[in-house]
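Quick look at final00.cif (mmCIF, C-alpha atoms):
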data_model
loop_
_atom_site.label_atom_id
_atom_site.label_comp_id
_atom_site.auth_asym_id
_atom_site.auth_seq_id
_atom_site.Cartn_x
_atom_site.Cartn_y
_atom_site.Cartn_z
CA MET A 16 106.57 56.19 117.35
CA ARG A 17 107.31 57.45 113.83
CA PHE A 18 109.95 59.94 112.86
CA GLU A 19 110.79 61.83 109.70
CA GLY A 20 114.17 62.43 108.15
CA VAL A 21 116.29 62.61 105.03
CA ILE A 22 118.33 59.78 103.52
CA ARG A 23 121.71 61.48 103.72
CA CYS A 24 123.59 58.70 101.90
CA TRP A 25 122.63 55.50 100.17
CA ASN A 26 124.83 52.67 98.87
CA ASP A 27 122.59 51.07 96.27
CA GLU A 28 125.06 48.27 95.55
CA ARG A 29 125.11 47.12 99.17
CA GLY A 30 121.52 48.09 99.90
CA PHE A 31 121.91 50.29 102.95
CA GLY A 32 122.34 53.91 103.99
CA PHE A 33 121.76 56.39 106.79
CA ILE A 34 118.81 58.62 107.65
CA GLU A 35 119.35 62.04 109.21
CA PRO A 36 116.35 62.72 111.50
CA THR A 37 114.56 66.03 110.99
CA LEU A 38 114.49 66.66 114.75
CA GLY A 39 118.24 66.12 115.06
CA GLY A 40 120.30 63.47 116.76
CA GLN A 41 122.51 60.71 115.45
CA GLU A 42 121.99 59.36 111.93
CA VAL A 43 120.04 56.09 111.83
CA PHE A 44 121.15 53.05 109.85
CA VAL A 45 118.62 51.82 107.29
CA HIS A 46 118.66 48.65 105.17
CA MET A 47 116.68 47.98 102.02
CA LYS A 48 114.73 45.33 103.96
CA ALA A 49 113.25 48.12 106.10
CA PHE A 50 111.22 49.30 103.08
CA ALA A 51 108.01 47.65 101.93
CA ARG A 52 108.42 44.86 99.40
CA GLY A 53 108.24 46.25 95.89
CA ALA A 54 109.06 49.81 96.97
CA ALA A 55 111.18 51.96 94.68
CA ARG A 56 114.92 52.02 95.35
CA PRO A 57 115.80 54.74 97.91
CA THR A 58 117.96 57.68 96.86
CA ALA A 59 120.10 60.18 98.75
CA GLY A 60 118.11 63.29 99.66
CA GLN A 61 114.79 61.44 99.78
CA ARG A 62 112.49 62.30 102.66
CA VAL A 63 111.09 59.35 104.58
CA SER A 64 109.17 58.48 107.72
CA PHE A 65 110.31 55.57 109.85
CA GLU A 66 110.25 53.78 113.16
CA VAL A 67 113.29 52.76 115.19
CA GLU A 68 114.22 49.32 116.50
CA LEU A 69 117.30 47.67 117.96
CA GLY A 70 119.38 45.47 115.69
CA PRO A 71 121.12 42.18 116.62
CA GLN A 72 124.08 44.08 118.12
CA GLY A 73 121.90 46.46 120.10
CA LYS A 74 122.35 49.34 117.68
CA LYS A 75 119.45 51.48 116.50
CA ARG A 76 118.20 50.98 112.98
CA ALA A 77 115.23 52.19 110.99
CA CYS A 78 112.26 49.94 110.27
CA LYS A 79 108.89 50.28 108.50
CA VAL A 80 110.36 53.02 106.31
CA GLN A 81 107.99 54.87 103.99
CA PRO A 82 108.62 57.72 101.53
CA VAL A 83 107.06 61.04 102.54
CA ARG A 84 104.46 62.09 100.02
CA PRO A 85 104.99 65.36 98.10
CA ALA A 86 101.81 66.80 99.60
CA ARG A 87 103.27 66.44 103.09
CA LEU A 88 106.48 68.05 101.91
CA ARG A 89 104.57 71.08 100.65
CA ALA A 90 102.71 71.36 103.95
CA ARG A 91 106.03 71.33 105.82
CA GLY A 92 107.95 73.43 103.32
CA PRO A 93 108.93 76.33 105.66
CA GLN A 94 110.43 73.84 108.10
CA HIS A 95 113.09 72.87 105.54
CA SER A 96 113.95 76.34 104.25
CA ALA A 97 117.32 76.14 106.03
CA VAL A 98 118.28 73.17 103.86
CA ARG A 99 116.90 74.59 100.61
CA TYR A 100 118.50 77.98 101.01
CA GLY A 101 121.51 76.82 103.02
CA GLY A 102 123.86 78.07 100.29
CA ALA A 103 123.03 81.62 101.31
CA THR A 104 124.91 81.05 104.56
CA LEU A 105 128.13 80.90 102.55
CA PHE A 106 127.93 84.69 102.38
CA ALA A 107 129.17 84.60 105.97
CA ILE A 108 132.65 83.83 104.61
CA PRO A 109 133.06 86.93 102.36
CA ALA A 110 131.42 89.01 105.10
CA PHE A 111 134.07 87.82 107.55
CA LEU A 112 136.79 88.58 104.99
CA VAL A 113 135.55 92.17 104.87
CA VAL A 114 135.63 92.33 108.67
CA TYR A 115 139.12 90.81 108.70
CA VAL A 116 140.45 93.36 106.20
CA ALA A 117 138.90 96.22 108.20
CA VAL A 118 140.42 94.90 111.43
CA GLY A 119 143.74 94.47 109.65
CA VAL A 120 143.76 98.11 108.58
CA LEU A 121 142.71 99.41 111.98
CA TRP A 122 144.58 97.19 114.41
CA ARG A 123 147.04 95.04 112.40
CA PRO A 124 146.39 91.65 114.01
CA PRO A 125 149.22 89.08 114.05
CA ALA A 126 149.84 87.49 110.64
CA TRP A 127 149.59 84.01 112.11
CA LEU A 128 145.86 84.52 112.70
CA ALA A 129 145.16 84.41 108.96
CA TRP A 130 147.22 81.25 108.57
CA GLY A 131 145.51 79.83 111.63
CA TYR A 132 142.05 80.31 110.11
CA LEU A 133 143.21 78.72 106.87
CA ALA A 134 144.75 75.70 108.58
CA ALA A 135 141.76 75.23 110.89
CA SER A 136 139.34 75.48 107.96
CA VAL A 137 141.23 72.86 105.95
CA ALA A 138 141.34 70.54 108.97
CA THR A 139 137.62 71.04 109.64
CA PHE A 140 136.63 70.43 106.02
CA ALA A 141 138.67 67.22 106.09
CA ALA A 142 136.98 66.17 109.36
CA TYR A 143 133.52 66.65 107.84
CA GLY A 144 134.57 64.64 104.79
CA ARG A 145 135.94 61.85 106.94
CA ASP A 146 132.81 61.79 109.08
CA LYS A 147 130.54 61.55 106.05
CA SER A 148 132.68 58.79 104.57
CA SER A 149 132.53 56.90 107.88
CA ALA A 150 128.76 57.29 107.96
CA GLN A 151 128.49 55.78 104.49
CA ARG A 152 130.68 52.85 105.50
CA SER A 153 129.08 52.48 108.95
CA GLY A 154 132.48 53.16 110.48
CA TRP A 155 133.84 55.18 113.36
CA ARG A 156 132.20 58.64 113.53
CA ILE A 157 133.62 61.97 114.64
CA SER A 158 131.51 63.35 117.48
CA GLU A 159 129.52 66.52 116.94
CA SER A 160 131.28 68.12 119.91
CA LYS A 161 134.64 67.70 118.14
CA LEU A 162 133.26 69.21 114.95
CA HIS A 163 131.97 72.17 116.96
CA ALA A 164 135.35 72.49 118.72
CA LEU A 165 137.09 72.73 115.34
CA SER A 166 134.64 75.45 114.27
CA LEU A 167 135.18 77.32 117.51
CA ALA A 168 138.95 77.17 116.97
CA GLY A 169 138.58 79.03 113.67
CA GLY A 170 137.61 76.26 111.29
CA TRP A 171 134.04 77.41 110.81
CA PRO A 172 134.62 78.68 107.21
CA GLY A 173 135.73 75.16 106.29
CA ALA A 174 132.72 73.74 108.12
CA LEU A 175 130.38 75.98 106.13
CA LEU A 176 131.92 74.85 102.87
CA ALA A 177 131.68 71.21 103.91
CA GLN A 178 128.05 71.52 104.97
CA GLN A 179 127.08 72.90 101.57
CA LEU A 180 129.50 71.14 99.21
CA LEU A 181 129.48 67.74 100.92
CA ARG A 182 125.87 68.03 102.11
CA HIS A 183 126.86 66.86 105.56
CA LYS A 184 125.32 68.17 108.80
CA SER A 185 123.37 70.69 106.73
CA ALA A 186 119.83 69.66 107.65
CA LYS A 187 120.02 69.22 111.42
CA ALA A 188 118.53 72.31 113.01
CA GLU A 189 119.97 71.53 116.44
CA PHE A 190 123.48 71.01 115.07
CA ARG A 191 123.38 74.17 112.98
CA ALA A 192 122.12 76.24 115.91
CA VAL A 193 125.14 75.21 118.00
CA PHE A 194 127.40 75.68 114.98
CA TRP A 195 126.33 79.30 114.49
CA ARG A 196 126.95 79.98 118.16
CA THR A 197 130.53 78.77 117.69
CA VAL A 198 130.85 81.19 114.76
CA VAL A 199 129.64 84.13 116.83
CA VAL A 200 131.94 83.27 119.72
CA ASN A 201 134.93 82.82 117.42
CA VAL A 202 134.40 86.10 115.58
CA ALA A 203 133.87 87.94 118.87
CA ALA A 204 137.10 86.44 120.23
CA PHE A 205 138.90 87.46 117.04
CA LEU A 206 137.73 91.07 117.42
CA VAL A 207 138.72 91.21 121.09
CA LEU A 208 142.14 89.62 120.60
CA SER A 209 142.90 91.85 117.61
CA SER A 210 141.93 95.05 119.42
CA PRO A 211 144.44 97.19 121.35
CA ILE A 212 143.18 95.63 124.58
CA GLY A 213 143.77 92.17 123.19
CA ARG A 214 147.26 93.10 121.96
CA ARG A 215 148.18 94.32 125.45
CA LEU A 216 146.86 91.01 126.79
CA TRP A 217 149.09 89.12 124.34
CA ALA A 218 152.06 91.20 125.46
CA VAL A 219 151.43 90.29 129.10
CA LEU A 220 151.12 86.60 128.29
#
As structure tokens, how would this structure be written, given the file I've shared?
Amino acid sequence: MRFEGVIRCWNDERGFGFIEPTLGGQEVFVHMKAFARGAARPTAGQRVSFEVELGPQGKKRACKVQPVRPARLRARGPQHSAVRYGGATLFAIPAFLVVYVAVGVLWRPPAWLAWGYLAASVATFAAYGRDKSSAQRSGWRISESKLHALSLAGGWPGALLAQQLLRHKSAKAEFRAVFWRTVVVNVAAFLVLSSPIGRRLWAVL
């Protein structure tokens, strides 16, 4: 069975990289030997089709890798609009700042909330960076559930910046769908906890 994906990172000196499947799931290791003899050197961001096999240590790796022709890319263009126009999602951050200022004027939420968002965002951005670096070195990865937990805890602005600036976890539709749910839940929780009802709840606790 063949799959399609994007080469998210490629170490040309060592001749290997990782493919991020279009349908989601864990990135797949790919070695230069998986390409046809005489094929052009792969590059990060290149779309490819591939099959999956088990390596000597029982880990999945790509095989029979082929570049996806431009004609196929044009036919599937709408499917990848989230990647191409992903930068537009960064407008969620200034939109939230407007909401935060409005809530601050109306309800005066605790000052530590602002610092909490900042700290969580920095930690989340660092986690994305570490995960991408580990993927490039075939090292220990941070699970997607942990990345989502950081976003849910208020680090989603940092996650958004990492997805666009580091180009990590920005093309997986399944991952981004869960990510945006964590954003909605976090913002809703922020509104509830900052409201008079939430402040009374804090007083009780």
>> Calculated over all atoms listed in the file, which of the candidates A:Val63, A:Cys24, A:Leu175, A:Cys78 has the smallest distance to Ala150 of chain A?
In response: A:Cys24
> Suppose you want the space between atom CA of Trp122 of chain A and atom CA of Pro211 of chain A; what is it in Å?
Replying inline: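 Interatomic distance here is 6.9 Å.
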Would you kindly translate the PyMOL selection byres ((chain A and resi 66) around 12) into the concrete residues it picks from this file, as a CSV table (one decimal) with C-alpha atoms, keeping the file's coordinate frame?
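This went into result_1.csv:
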chain,number,residue,atom,x,y,z
A,16,MET,CA,106.6,56.2,117.4
A,17,ARG,CA,107.3,57.4,113.8
A,18,PHE,CA,110.0,59.9,112.9
A,19,GLU,CA,110.8,61.8,109.7
A,20,GLY,CA,114.2,62.4,108.2
A,34,ILE,CA,118.8,58.6,107.6
A,36,PRO,CA,116.4,62.7,111.5
A,43,VAL,CA,120.0,56.1,111.8
A,44,PHE,CA,121.2,53.0,109.8
A,45,VAL,CA,118.6,51.8,107.3
A,49,ALA,CA,113.2,48.1,106.1
A,50,PHE,CA,111.2,49.3,103.1
A,63,VAL,CA,111.1,59.4,104.6
A,64,SER,CA,109.2,58.5,107.7
A,65,PHE,CA,110.3,55.6,109.8
A,67,VAL,CA,113.3,52.8,115.2
A,68,GLU,CA,114.2,49.3,116.5
A,69,LEU,CA,117.3,47.7,118.0
A,75,LYS,CA,119.4,51.5,116.5
A,76,ARG,CA,118.2,51.0,113.0
A,77,ALA,CA,115.2,52.2,111.0
A,78,CYS,CA,112.3,49.9,110.3
A,79,LYS,CA,108.9,50.3,108.5
A,80,VAL,CA,110.4,53.0,106.3
A,81,GLN,CA,108.0,54.9,104.0
> How far is it from atom CA of Lys74 of chain A to atom CA of Trp155 of chain A, in Å with one decimal?
Replying inline: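 A separation of 13.6 Å between them.
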> Could you write out as a VMD selection string the residues that the PyMOL selection byres ((chain A and resi 164-169) around 9) matches in the shown file?
Replying inline: chain A and resid 131 to 136 138 to 139 142 159 to 163 170 to 174 194 196 to 202
>> I need the output of the PyMOL selection byres ((chain A and resi 27) around 12) for this file as a list of chain:residue names; which residues are they?
In response: A:Cys24, A:Trp25, A:Asn26, A:Glu28, A:Arg29, A:Gly30, A:Phe31, A:Gly32, A:Phe33, A:Val45, A:His46, A:Met47, A:Ala55, A:Arg56, A:Pro57, A:Thr58, A:Ala59, A:Gln151
> At what distance in Å, to one decimal, does atom CA of Ala129 of chain A lie from atom CA of Phe111 of chain A?
Replying inline: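 Atom CA of Ala129 of chain A lies 11.7 Å from atom CA of Phe111 of chain A.
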>> Ranking A:Leu206, A:Arg214, A:Gly60, A:Glu189 by minimum distance to Val116 of chain A and counting only C-alpha atoms, which one comes first?
In response: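 Checking each of A:Leu206, A:Arg214, A:Gly60, A:Glu189 against Val116 of chain A, counting only C-alpha atoms, the winner is A:Leu206.
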>> Show me, as a PyMOL selection string, the residues that have an atom within 12 Å of Leu176 of chain A when counting all atoms listed in the file, minus same-chain residues fewer than 3 positions from it.
In response: chain A and resi 101-108+136-137+139-144+166+170-173+179-185
Neighbouring residues of Gly39 of chain A were defined as those with any atom within 8 Å, considering only C-alpha atoms; residues of the same chain fewer than 6 positions away were excluded. Please report them as a CSV table (one decimal) with C-alpha atoms, in the coordinates of the input.
chain,number,residue,atom,x,y,z
A,187,LYS,CA,120.0,69.2,111.4
A,188,ALA,CA,118.5,72.3,113.0
A,189,GLU,CA,120.0,71.5,116.4
A,190,PHE,CA,123.5,71.0,115.1
> What's the 10 Å shell around Pro125 of chain A, counting only C-alpha atoms, without same-chain residues fewer than 5 positions away, as a PyMOL selection string?
Replying inline: chain A and resi 119+130+208-209+214
